[in-house]
file data-v6.cif (mmCIF, C-alpha atoms)
data_upload
loop_
_atom_site.label_atom_id
_atom_site.label_comp_id
_atom_site.auth_asym_id
_atom_site.auth_seq_id
_atom_site.Cartn_x
_atom_site.Cartn_y
_atom_site.Cartn_z
CA MET Y 202 0.00 0.00 0.00
CA PHE Y 203 2.78 2.41 0.98
CA LYS Y 204 4.68 1.59 -2.21
CA LYS Y 205 1.58 2.17 -4.33
CA SER Y 206 0.87 5.47 -2.58
CA ALA Y 207 4.45 6.58 -3.07
CA ILE Y 208 4.24 5.78 -6.78
CA CYS Y 209 0.98 7.74 -7.09
CA LEU Y 210 2.51 10.68 -5.23
CA GLY Y 211 5.55 10.57 -7.50
CA VAL Y 212 3.40 10.60 -10.62
CA ALA Y 213 1.36 13.50 -9.24
CA LEU Y 214 4.50 15.49 -8.46
CA SER Y 215 5.90 14.78 -11.92
CA VAL Y 216 2.70 15.98 -13.56
CA GLY Y 217 2.64 19.03 -11.34
CA LEU Y 218 6.25 19.88 -12.12
CA ALA Y 219 5.66 19.38 -15.82
CA PHE Y 220 2.61 21.63 -15.67
CA GLY Y 221 4.58 24.25 -13.75
CA ALA Y 222 7.38 24.12 -16.28
CA SER Y 223 5.00 24.42 -19.21
CA ALA Y 224 3.30 27.43 -17.59
CA LYS Y 225 6.48 29.49 -18.06
CA THR Y 226 6.68 31.24 -21.43
CA ILE Y 227 10.16 31.49 -22.95
CA ILE Y 228 11.11 34.58 -24.96
CA LYS Y 229 14.27 33.97 -26.98
CA LEU Y 230 15.83 37.31 -27.98
CA GLY Y 231 18.69 37.66 -30.45
CA HIS Y 232 20.91 40.60 -31.35
CA GLY Y 233 24.29 41.24 -32.96
CA THR Y 234 26.31 43.26 -30.42
CA ASN Y 235 28.70 41.98 -27.76
CA GLU Y 236 28.14 41.77 -24.02
CA GLN Y 237 30.12 44.94 -23.26
CA PHE Y 238 28.05 47.16 -25.54
CA HIS Y 239 25.48 49.40 -23.86
CA MET Y 240 22.61 47.93 -25.84
CA HIS Y 241 23.26 44.41 -24.55
CA ARG Y 242 23.39 45.71 -20.99
CA ALA Y 243 20.11 47.55 -21.58
CA ILE Y 244 18.54 44.33 -22.88
CA GLU Y 245 19.67 42.60 -19.69
CA HIS Y 246 17.69 45.30 -17.86
CA PHE Y 247 14.69 44.43 -20.07
CA LYS Y 248 15.07 40.77 -19.05
CA GLU Y 249 15.02 41.73 -15.38
CA LEU Y 250 11.93 43.93 -15.79
CA ILE Y 251 10.05 41.22 -17.68
CA GLU Y 252 10.87 38.37 -15.34
CA THR Y 253 10.20 40.38 -12.19
CA GLY Y 254 7.07 42.02 -13.59
CA SER Y 255 5.60 38.70 -14.70
CA LYS Y 256 6.54 36.94 -11.45
CA ASN Y 257 8.70 34.67 -13.62
CA GLU Y 258 5.82 33.56 -15.81
CA LEU Y 259 7.91 35.00 -18.67
CA GLU Y 260 11.59 34.12 -19.07
CA VAL Y 261 13.84 36.08 -21.44
CA GLN Y 262 16.82 34.21 -22.90
CA ILE Y 263 19.33 36.58 -24.56
CA PHE Y 264 21.57 35.50 -27.46
CA PRO Y 265 24.15 38.23 -28.28
CA ASN Y 266 26.97 38.30 -30.84
CA SER Y 267 24.75 37.09 -33.72
CA GLN Y 268 24.62 33.63 -32.15
CA LEU Y 269 21.26 33.08 -33.88
CA GLY Y 270 22.50 34.31 -37.25
CA PRO Y 271 22.88 37.64 -39.13
CA ASP Y 272 20.25 40.32 -38.59
CA ARG Y 273 18.14 39.50 -41.64
CA GLU Y 274 17.99 35.83 -40.70
CA MET Y 275 16.99 36.70 -37.15
CA ILE Y 276 14.16 38.92 -38.37
CA GLU Y 277 12.95 36.19 -40.72
CA SER Y 278 12.96 33.81 -37.75
CA VAL Y 279 10.85 36.26 -35.76
CA GLN Y 280 8.42 36.64 -38.67
CA THR Y 281 7.92 32.88 -38.81
CA GLY Y 282 7.70 32.54 -35.03
CA ILE Y 283 10.81 30.37 -34.69
CA LEU Y 284 12.33 33.21 -32.64
CA GLN Y 285 10.22 35.40 -30.36
CA MET Y 286 12.27 38.64 -30.40
CA ALA Y 287 15.19 40.31 -32.15
CA VAL Y 288 16.87 43.69 -31.95
CA SER Y 289 18.30 44.69 -35.33
CA PRO Y 290 19.36 47.86 -37.21
CA SER Y 291 16.48 49.89 -38.66
CA ALA Y 292 18.07 49.70 -42.13
CA ILE Y 293 17.47 45.92 -42.23
CA PHE Y 294 13.69 46.50 -42.28
CA ALA Y 295 13.95 48.56 -45.46
CA GLY Y 296 14.35 45.24 -47.24
CA TRP Y 297 10.65 44.64 -46.59
CA ASP Y 298 9.42 48.24 -46.46
CA PRO Y 299 11.55 50.97 -48.16
CA ALA Y 300 10.09 53.63 -45.82
CA PHE Y 301 12.49 52.49 -43.08
CA ALA Y 302 15.45 53.75 -45.13
CA VAL Y 303 14.51 57.34 -44.23
CA ILE Y 304 15.71 56.88 -40.64
CA GLU Y 305 19.37 56.49 -41.60
CA LEU Y 306 19.77 58.98 -44.42
CA PRO Y 307 22.93 61.10 -44.09
CA TYR Y 308 22.75 64.30 -42.08
CA MET Y 309 19.02 63.94 -41.56
CA TYR Y 310 19.33 65.30 -37.99
CA ALA Y 311 21.36 68.23 -36.67
CA SER Y 312 21.74 66.45 -33.32
CA LYS Y 313 21.04 63.19 -31.56
CA GLN Y 314 18.33 64.80 -29.46
CA ILE Y 315 16.42 65.88 -32.57
CA ALA Y 316 16.61 62.30 -33.87
CA LEU Y 317 15.30 60.91 -30.58
CA ASP Y 318 12.49 63.48 -30.47
CA VAL Y 319 11.34 62.41 -33.94
CA MET Y 320 11.48 58.69 -33.14
CA ASN Y 321 9.70 59.08 -29.82
CA GLY Y 322 7.02 61.27 -31.40
CA PRO Y 323 4.09 60.60 -33.75
CA ALA Y 324 6.31 60.02 -36.82
CA GLY Y 325 8.31 57.36 -34.99
CA LYS Y 326 5.15 55.61 -33.79
CA ASP Y 327 3.68 55.65 -37.30
CA MET Y 328 6.88 54.04 -38.57
CA LEU Y 329 6.69 51.27 -35.97
CA ASN Y 330 3.06 50.60 -36.91
CA ARG Y 331 4.23 49.73 -40.43
CA LEU Y 332 5.91 46.64 -38.95
CA ASP Y 333 2.48 45.06 -38.50
CA ASN Y 334 2.55 44.33 -42.24
CA GLN Y 335 5.79 42.38 -41.75
CA GLY Y 336 4.35 40.07 -39.11
CA LEU Y 337 6.15 42.02 -36.40
CA VAL Y 338 5.29 44.25 -33.45
CA GLY Y 339 7.67 47.21 -33.05
CA LEU Y 340 8.42 48.06 -29.44
CA GLY Y 341 10.45 51.24 -29.86
CA TYR Y 342 13.96 52.43 -30.69
CA LEU Y 343 17.28 51.59 -29.04
CA GLU Y 344 20.25 53.78 -29.85
CA LEU Y 345 23.24 52.53 -31.76
CA GLY Y 346 24.48 56.11 -32.03
CA MET Y 347 25.86 58.82 -34.27
CA ARG Y 348 28.30 57.29 -36.72
CA ASN Y 349 31.82 58.73 -37.00
CA ILE Y 350 34.81 58.03 -39.24
CA THR Y 351 38.14 56.44 -38.27
CA ASN Y 352 40.99 55.86 -40.71
CA ASN Y 353 44.75 55.48 -41.12
CA VAL Y 354 45.27 57.76 -44.13
CA ARG Y 355 44.74 61.30 -42.85
CA PRO Y 356 42.58 63.40 -40.51
CA ILE Y 357 39.11 63.93 -42.00
CA GLU Y 358 38.02 67.54 -41.54
CA LYS Y 359 36.40 68.26 -44.92
CA PRO Y 360 34.88 66.08 -47.65
CA GLU Y 361 37.99 66.35 -49.80
CA ASP Y 362 39.95 64.51 -47.10
CA LEU Y 363 37.95 61.35 -47.85
CA LYS Y 364 39.12 61.16 -51.45
CA GLY Y 365 40.31 57.62 -52.19
CA VAL Y 366 39.98 56.39 -48.61
CA LYS Y 367 38.88 52.73 -48.62
CA LEU Y 368 36.19 52.82 -45.97
CA ARG Y 369 34.20 49.89 -44.62
CA THR Y 370 30.47 50.59 -44.51
CA MET Y 371 27.39 48.60 -43.60
CA GLN Y 372 25.72 46.79 -46.48
CA VAL Y 373 23.16 49.60 -46.70
CA PRO Y 374 22.74 51.28 -50.12
CA ALA Y 375 22.22 54.77 -48.67
CA HIS Y 376 25.46 54.47 -46.67
CA VAL Y 377 27.39 53.38 -49.74
CA ASP Y 378 25.89 56.22 -51.81
CA THR Y 379 26.76 58.69 -49.04
CA PHE Y 380 30.46 57.91 -49.10
CA THR Y 381 30.55 57.70 -52.86
CA ALA Y 382 29.18 61.26 -52.92
CA LEU Y 383 31.86 62.31 -50.43
CA GLY Y 384 34.64 60.90 -52.63
CA ALA Y 385 35.59 57.86 -50.52
CA ASN Y 386 35.85 54.28 -51.73
CA PRO Y 387 33.03 52.62 -49.73
CA THR Y 388 33.57 48.92 -49.09
CA PRO Y 389 30.65 46.96 -47.60
CA MET Y 390 31.90 44.23 -45.29
CA ASN Y 391 30.52 41.96 -42.58
CA PHE Y 392 31.03 43.49 -39.16
CA GLY Y 393 32.98 40.54 -37.78
CA GLU Y 394 35.70 41.01 -40.41
CA VAL Y 395 36.38 44.70 -39.78
CA TYR Y 396 39.08 44.55 -37.08
CA SER Y 397 41.31 42.12 -38.97
CA ALA Y 398 40.76 44.01 -42.25
CA LEU Y 399 41.91 47.23 -40.57
CA GLN Y 400 44.84 45.45 -38.95
CA GLN Y 401 45.98 43.96 -42.25
CA GLY Y 402 45.43 47.14 -44.28
CA VAL Y 403 42.74 45.59 -46.47
CA ILE Y 404 40.70 48.72 -45.70
CA ASP Y 405 41.87 52.15 -44.55
CA GLY Y 406 39.04 52.94 -42.17
CA GLN Y 407 35.51 52.36 -40.98
CA GLU Y 408 32.58 54.32 -39.59
CA ASN Y 409 30.67 53.56 -36.40
CA PRO Y 410 29.39 55.16 -33.20
CA ILE Y 411 31.85 55.92 -30.39
CA ALA Y 412 30.63 53.04 -28.23
CA ILE Y 413 31.26 50.53 -31.05
CA ILE Y 414 34.71 51.95 -31.79
CA ASP Y 415 35.50 51.54 -28.11
CA SER Y 416 33.92 48.14 -27.41
CA GLN Y 417 35.42 46.61 -30.57
CA ARG Y 418 38.80 48.23 -29.84
CA PHE Y 419 39.10 49.64 -33.35
CA TYR Y 420 41.28 52.37 -31.84
CA GLU Y 421 44.08 49.79 -31.59
CA VAL Y 422 44.36 49.68 -35.39
CA GLN Y 423 43.35 53.26 -36.35
CA SER Y 424 45.15 56.59 -36.06
CA ASN Y 425 42.41 59.20 -36.75
CA LEU Y 426 38.87 59.71 -35.52
CA SER Y 427 36.64 62.44 -36.97
CA LEU Y 428 33.37 63.18 -35.17
CA THR Y 429 31.41 63.64 -38.39
CA GLY Y 430 28.07 62.45 -36.95
CA HIS Y 431 26.96 61.66 -40.50
CA VAL Y 432 24.24 59.10 -39.72
CA PHE Y 433 22.21 58.41 -36.61
CA THR Y 434 21.54 54.70 -36.31
CA VAL Y 435 19.04 52.88 -34.15
CA TYR Y 436 18.07 49.29 -33.51
CA LEU Y 437 14.42 48.24 -33.54
CA PRO Y 438 13.33 45.73 -30.90
CA VAL Y 439 10.63 43.62 -32.53
CA VAL Y 440 8.52 40.69 -31.36
CA SER Y 441 6.73 38.05 -33.42
CA LYS Y 442 3.18 39.29 -33.99
CA PRO Y 443 1.53 35.83 -33.71
CA PHE Y 444 3.47 35.21 -30.48
CA PHE Y 445 2.64 38.65 -29.08
CA ASP Y 446 -1.04 38.41 -30.02
CA GLY Y 447 -1.21 35.08 -28.18
CA LEU Y 448 -0.10 36.60 -24.88
CA PRO Y 449 -2.55 37.89 -22.25
CA ALA Y 450 -3.17 41.65 -22.40
CA ASP Y 451 -1.30 42.27 -19.14
CA GLN Y 452 1.84 40.55 -20.46
CA GLN Y 453 1.63 42.47 -23.74
CA GLN Y 454 1.52 45.73 -21.80
CA LEU Y 455 4.37 44.58 -19.56
CA ILE Y 456 6.56 43.98 -22.63
CA ARG Y 457 5.74 47.41 -24.07
CA ASP Y 458 6.32 49.20 -20.76
CA ALA Y 459 9.54 47.30 -20.08
CA MET Y 460 11.00 48.25 -23.46
CA ALA Y 461 10.12 51.93 -22.92
CA LYS Y 462 11.96 51.80 -19.58
CA THR Y 463 14.83 49.95 -21.25
CA ALA Y 464 15.24 52.74 -23.83
CA ASP Y 465 15.45 55.30 -21.01
CA TYR Y 466 17.91 53.09 -19.13
CA GLN Y 467 20.09 52.80 -22.23
CA GLN Y 468 20.16 56.58 -22.67
CA GLY Y 469 21.48 56.85 -19.13
CA LEU Y 470 24.28 54.43 -19.99
CA VAL Y 471 25.18 56.24 -23.21
CA ASN Y 472 25.22 59.67 -21.61
CA ALA Y 473 27.31 58.47 -18.67
CA GLU Y 474 29.90 56.57 -20.70
CA GLU Y 475 30.55 58.32 -24.02
CA SER Y 476 32.94 60.96 -22.69
CA GLU Y 477 35.03 58.27 -20.97
CA GLN Y 478 35.08 56.19 -24.16
CA LEU Y 479 36.36 59.18 -26.12
CA LYS Y 480 39.07 59.77 -23.52
CA ARG Y 481 40.14 56.13 -23.76
CA ILE Y 482 40.29 56.30 -27.56
CA GLU Y 483 42.35 59.50 -27.45
CA ALA Y 484 44.65 58.11 -24.75
CA SER Y 485 45.46 55.18 -27.05
CA GLY Y 486 47.13 57.63 -29.44
CA VAL Y 487 44.26 58.26 -31.84
CA LYS Y 488 43.97 61.85 -33.05
CA VAL Y 489 40.38 63.01 -32.41
CA MET Y 490 38.84 65.80 -34.50
CA ASN Y 491 35.65 67.38 -33.17
CA LEU Y 492 34.15 69.08 -36.23
CA SER Y 493 32.49 72.46 -35.95
CA PRO Y 494 28.84 72.97 -37.02
CA GLU Y 495 30.17 74.76 -40.12
CA GLN Y 496 32.38 71.81 -41.04
CA ARG Y 497 29.51 69.36 -40.57
CA ALA Y 498 27.32 71.61 -42.73
CA THR Y 499 29.80 71.19 -45.59
CA PHE Y 500 29.46 67.40 -45.37
CA SER Y 501 25.68 67.78 -45.22
CA GLU Y 502 25.62 69.91 -48.37
CA MET Y 503 27.69 67.31 -50.23
CA THR Y 504 25.14 64.61 -49.38
CA GLU Y 505 21.98 66.60 -50.14
CA GLY Y 506 21.65 64.75 -53.45
CA VAL Y 507 21.71 61.39 -51.65
CA ARG Y 508 18.79 62.39 -49.45
CA ALA Y 509 16.86 63.67 -52.46
CA GLN Y 510 17.45 60.56 -54.58
CA TYR Y 511 15.91 58.32 -51.91
CA ARG Y 512 12.63 60.23 -51.77
CA ASP Y 513 11.12 58.19 -54.61
CA THR Y 514 12.56 54.90 -53.31
CA ILE Y 515 11.23 55.51 -49.80
CA GLY Y 516 7.94 56.92 -51.06
CA PRO Y 517 7.15 60.64 -51.18
CA ASP Y 518 4.49 60.44 -48.44
CA ALA Y 519 6.72 58.60 -45.95
CA TYR Y 520 9.76 60.73 -46.82
CA ASP Y 521 7.95 64.07 -46.57
CA ALA Y 522 6.24 63.11 -43.29
CA TRP Y 523 9.60 62.23 -41.73
CA VAL Y 524 11.32 65.39 -43.00
CA GLU Y 525 8.41 67.47 -41.68
CA ALA Y 526 8.78 65.81 -38.27
CA VAL Y 527 12.53 66.54 -38.28
CA ALA Y 528 11.87 70.21 -39.16
CA LYS Y 529 9.35 70.49 -36.35
CA ALA Y 530 11.70 68.90 -33.81
CA THR Y 531 14.54 71.16 -34.97
CA ALA Y 532 12.42 74.30 -34.49
CA GLU Y 533 11.26 73.38 -30.98
#
call {"tool": "encode", "arguments": {"input": "data-v6.cif", "output": "structure tokens"}}
result
Amino acid sequence: MFKKSAICLGVALSVGLAFGASAKTIIKLGHGTNEQFHMHRAIEHFKELIETGSKNELEVQIFPNSQLGPDREMIESVQTGILQMAVSPSAIFAGWDPAFAVIELPYMYASKQIALDVMNGPAGKDMLNRLDNQGLVGLGYLELGMRNITNNVRPIEKPEDLKGVKLRTMQVPAHVDTFTALGANPTPMNFGEVYSALQQGVIDGQENPIAIIDSQRFYEVQSNLSLTGHVFTVYLPVVSKPFFDGLPADQQQLIRDAMAKTADYQQGLVNAEESEQLKRIEASGVKVMNLSPEQRATFSEMTEGVRAQYRDTIGPDAYDAWVEAVAKATAE
């Protein structure tokens, strides 16, 4: 009798444990940056908010360093529901909807704050709503940062200084067209190959935000940094729409609220750390050039044609709405 009771109790406990385990919903989240980068640390904050806020009914598993594949593959996995979440550059989404290309056009914003005001305003929300047509739910914008140029040829203080410089760019047509217009030799290349290509002299330079230049230690193999601020880049945290729609309303709201808090948390990290990153880069022996507004205006004028040529590709309505939002944010 005791043995039979013990067996029954064991079965009951096993069923109970299995039920308890199945009650937890796993959210697998992939992104391409390393663990030192501010965005990864912000996503860890998101994980904490979600798990605490759901009383551990939701568990976030983070996969950095493109462990789940390149950005496009990760987004495709989210669209099909194989992966629940990904955080990828906004330019990737232009492959499905050209309107997203407007975010990263050269010299679209006079400052980072203007860019953030646009993205956190009605225009930014309208852009995120377009993701519904891609089987995705857009949760907001996480900063990658203002992109700046490093190279081993010469200091870059005016467009003419870029002439002939072999510069690694992202595989984004607008970025390539930007540096072609500026006289450089743009060379699209996978991110993971950049350090060794710089080290071996395969390319002369690259362009990225300060935090990337620091976390990837590009300053070890570069001699000049010009704070050109030519493109403001953001990552879009997205969740699979079928997965999201299947969650209870309170968990949906928790995810939205947690990502909003995560974006604020990330801004705190960026603002606290960028000056120290610049000091570290300069201390390594890199010559840092902080361009004046007049110098940046010269670069902007040289890329005016690039912005104009993408109006038709992006769509006049989407392009004009974004430019109008930028003008409004600039005037405020």
call {"tool": "resolve_selection", "arguments": {"input": "data-v6.cif", "expression": "the PyMOL selection byres ((chain Y and resi 476-480) around 10)", "output": "PDB file with C-alpha atoms, keeping the file's coordinate frame"}}
result
ATOM      1  CA  ILE Y 411      31.850  55.920 -30.390  1.00  0.00           C
ATOM      2  CA  ALA Y 412      30.630  53.040 -28.230  1.00  0.00           C
ATOM      3  CA  ILE Y 413      31.260  50.530 -31.050  1.00  0.00           C
ATOM      4  CA  ILE Y 414      34.710  51.950 -31.790  1.00  0.00           C
ATOM      5  CA  ASP Y 415      35.500  51.540 -28.110  1.00  0.00           C
ATOM      6  CA  SER Y 416      33.920  48.140 -27.410  1.00  0.00           C
ATOM      7  CA  LEU Y 426      38.870  59.710 -35.520  1.00  0.00           C
ATOM      8  CA  VAL Y 471      25.180  56.240 -23.210  1.00  0.00           C
ATOM      9  CA  ASN Y 472      25.220  59.670 -21.610  1.00  0.00           C
ATOM     10  CA  ALA Y 473      27.310  58.470 -18.670  1.00  0.00           C
ATOM     11  CA  GLU Y 474      29.900  56.570 -20.700  1.00  0.00           C
ATOM     12  CA  GLU Y 475      30.550  58.320 -24.020  1.00  0.00           C
ATOM     13  CA  ARG Y 481      40.140  56.130 -23.760  1.00  0.00           C
ATOM     14  CA  ILE Y 482      40.290  56.300 -27.560  1.00  0.00           C
ATOM     15  CA  GLU Y 483      42.350  59.500 -27.450  1.00  0.00           C
ATOM     16  CA  ALA Y 484      44.650  58.110 -24.750  1.00  0.00           C
ATOM     17  CA  SER Y 485      45.460  55.180 -27.050  1.00  0.00           C
ATOM     18  CA  VAL Y 487      44.260  58.260 -31.840  1.00  0.00           C
ATOM     19  CA  VAL Y 489      40.380  63.010 -32.410  1.00  0.00           C
TER      20      VAL Y 489
END
call {"tool": "resolve_selection", "arguments": {"input": "data-v6.cif", "expression": "the PyMOL selection byres ((chain Y and resi 438) around 8)", "output": "PyMOL selection string"}}
result
chain Y and resi 286-289+339-343+436-437+439-440
call {"tool": "resolve_selection", "arguments": {"input": "data-v6.cif", "expression": "the PyMOL selection byres ((chain Y and resi 353) around 8)", "output": "short mmCIF file (atom, residue, chain, number, x, y, z; two decimals) with C-alpha atoms, in the coordinates of the input"}}
result
data_model
loop_
_atom_site.label_atom_id
_atom_site.label_comp_id
_atom_site.auth_asym_id
_atom_site.auth_seq_id
_atom_site.Cartn_x
_atom_site.Cartn_y
_atom_site.Cartn_z
CA THR Y 351 38.14 56.44 -38.27
CA ASN Y 352 40.99 55.86 -40.71
CA VAL Y 354 45.27 57.76 -44.13
CA ARG Y 355 44.74 61.30 -42.85
CA ASP Y 405 41.87 52.15 -44.55
CA GLY Y 406 39.04 52.94 -42.17
CA GLN Y 423 43.35 53.26 -36.35
CA SER Y 424 45.15 56.59 -36.06
CA ASN Y 425 42.41 59.20 -36.75
#
call {"tool": "residues_around", "arguments": {"input": "data-v6.cif", "residues": "Y:Arg508", "least_positions_apart": "2", "cutoff": "9 Å", "atoms": "only C-alpha atoms", "output": "list in words"}}
result
Val303, Leu306, Pro307, Tyr308, Met309, Ala375, Thr379, Thr504, Glu505, Gly506, Gln510, Tyr511 and Arg512 of chain Y
call {"tool": "residues_around", "arguments": {"input": "data-v6.cif", "residues": "Y:Met240", "least_positions_apart": "2", "cutoff": "8 Å", "atoms": "only C-alpha atoms", "output": "VMD selection string"}}
result
chain Y and resid 234 238 242 to 244 343 to 345 467
call {"tool": "closest_residue", "arguments": {"input": "data-v6.cif", "among": "Y:Leu329, Y:Ile293, Y:Ile315, Y:Met320", "to": "Y:Pro374", "atoms": "all atoms listed in the file"}}
result
Y:Ile293
call {"tool": "closest_atom_pairs", "arguments": {"input": "data-v6.cif", "of": "stretch 301-325 of chain Y", "to": "stretch 516-519 of chain Y", "cutoff": "12 Å", "atoms": "all atoms listed in the file", "output": "Markdown table"}}
result
| residue | atom | partner | partner_atom | distance |
| --- | --- | --- | --- | --- |
| Y:Phe301 | CA | Y:Ala519 | CA | 8.9 |
| Y:Ala302 | CA | Y:Ala519 | CA | 10.0 |
| Y:Val303 | CA | Y:Ala519 | CA | 8.1 |
| Y:Ile304 | CA | Y:Ala519 | CA | 10.6 |
| Y:Ala324 | CA | Y:Ala519 | CA | 9.2 |
| Y:Gly325 | CA | Y:Ala519 | CA | 11.1 |
call {"tool": "closest_residue", "arguments": {"input": "data-v6.cif", "among": "Y:His246, Y:Lys256, Y:Lys313, Y:Arg273", "to": "Y:Gly231", "atoms": "all atoms listed in the file"}}
result
Y:Arg273
call {"tool": "closest_residue", "arguments": {"input": "data-v6.cif", "among": "Y:Val403, Y:His241, Y:Thr531, Y:Leu363", "to": "Y:Asn386", "atoms": "all atoms listed in the file"}}
result
Y:Leu363
call {"tool": "atom_distance", "arguments": {"input": "data-v6.cif", "atom1": "atom CA of Y:Ile227", "atom2": "atom CA of Y:Ala464"}}
result
21.9 Å
call {"tool": "atom_distance", "arguments": {"input": "data-v6.cif", "atom1": "atom CA of Y:Asp318", "atom2": "atom CA of Y:Ala459"}}
result
19.5 Å
call {"tool": "decode", "arguments": {"input": "data-v6.cif", "residues": "stretch 426-433 of chain Y", "atoms": "all heavy atoms", "output": "mmCIF file, in the first residue's frame"}}
result
data_model
loop_
_atom_site.group_PDB
_atom_site.id
_atom_site.type_symbol
_atom_site.label_atom_id
_atom_site.label_comp_id
_atom_site.auth_asym_id
_atom_site.auth_seq_id
_atom_site.Cartn_x
_atom_site.Cartn_y
_atom_site.Cartn_z
ATOM 1 N N LEU Y 426 40.309 59.774 -35.735
ATOM 2 C CA LEU Y 426 38.868 59.712 -35.520
ATOM 3 C C LEU Y 426 38.282 61.090 -35.762
ATOM 4 O O LEU Y 426 38.699 62.070 -35.133
ATOM 5 C CB LEU Y 426 38.542 59.262 -34.090
ATOM 6 C CG LEU Y 426 37.111 59.491 -33.587
ATOM 7 C CD1 LEU Y 426 36.092 58.726 -34.433
ATOM 8 C CD2 LEU Y 426 36.980 59.107 -32.110
ATOM 9 N N SER Y 427 37.323 61.182 -36.687
ATOM 10 C CA SER Y 427 36.636 62.438 -36.974
ATOM 11 C C SER Y 427 35.177 62.318 -36.547
ATOM 12 O O SER Y 427 34.469 61.415 -37.004
ATOM 13 C CB SER Y 427 36.713 62.768 -38.470
ATOM 14 O OG SER Y 427 38.047 62.970 -38.870
ATOM 15 N N LEU Y 428 34.744 63.229 -35.693
ATOM 16 C CA LEU Y 428 33.372 63.181 -35.175
ATOM 17 C C LEU Y 428 32.432 63.823 -36.191
ATOM 18 O O LEU Y 428 31.910 64.922 -35.995
ATOM 19 C CB LEU Y 428 33.308 63.866 -33.808
ATOM 20 C CG LEU Y 428 34.244 63.263 -32.748
ATOM 21 C CD1 LEU Y 428 34.124 64.008 -31.428
ATOM 22 C CD2 LEU Y 428 33.956 61.781 -32.552
ATOM 23 N N THR Y 429 32.223 63.117 -37.288
ATOM 24 C CA THR Y 429 31.412 63.636 -38.386
ATOM 25 C C THR Y 429 29.911 63.539 -38.097
ATOM 26 O O THR Y 429 29.131 64.307 -38.662
ATOM 27 C CB THR Y 429 31.714 62.851 -39.680
ATOM 28 O OG1 THR Y 429 31.642 61.445 -39.386
ATOM 29 C CG2 THR Y 429 33.100 63.178 -40.202
ATOM 30 N N GLY Y 430 29.496 62.600 -37.278
ATOM 31 C CA GLY Y 430 28.070 62.452 -36.948
ATOM 32 C C GLY Y 430 27.197 62.382 -38.182
ATOM 33 O O GLY Y 430 26.123 62.976 -38.230
ATOM 34 N N HIS Y 431 27.619 61.614 -39.184
ATOM 35 C CA HIS Y 431 26.962 61.662 -40.496
ATOM 36 C C HIS Y 431 25.637 60.903 -40.546
ATOM 37 O O HIS Y 431 24.763 61.244 -41.346
ATOM 38 C CB HIS Y 431 27.909 61.144 -41.582
ATOM 39 C CG HIS Y 431 28.582 59.848 -41.256
ATOM 40 N ND1 HIS Y 431 29.734 59.794 -40.512
ATOM 41 C CD2 HIS Y 431 28.263 58.565 -41.565
ATOM 42 C CE1 HIS Y 431 30.101 58.522 -40.379
ATOM 43 N NE2 HIS Y 431 29.211 57.758 -41.006
ATOM 44 N N VAL Y 432 25.491 59.877 -39.743
ATOM 45 C CA VAL Y 432 24.243 59.100 -39.723
ATOM 46 C C VAL Y 432 23.915 58.732 -38.279
ATOM 47 O O VAL Y 432 24.808 58.345 -37.522
ATOM 48 C CB VAL Y 432 24.371 57.805 -40.567
ATOM 49 C CG1 VAL Y 432 23.175 56.879 -40.334
ATOM 50 C CG2 VAL Y 432 24.489 58.121 -42.049
ATOM 51 N N PHE Y 433 22.649 58.885 -37.916
ATOM 52 C CA PHE Y 433 22.208 58.415 -36.605
ATOM 53 C C PHE Y 433 21.535 57.065 -36.797
ATOM 54 O O PHE Y 433 20.589 56.931 -37.569
ATOM 55 C CB PHE Y 433 21.224 59.387 -35.959
ATOM 56 C CG PHE Y 433 20.804 58.958 -34.569
ATOM 57 C CD1 PHE Y 433 21.707 59.001 -33.519
ATOM 58 C CD2 PHE Y 433 19.520 58.494 -34.332
ATOM 59 C CE1 PHE Y 433 21.336 58.600 -32.242
ATOM 60 C CE2 PHE Y 433 19.136 58.092 -33.062
ATOM 61 C CZ PHE Y 433 20.046 58.143 -32.005
#
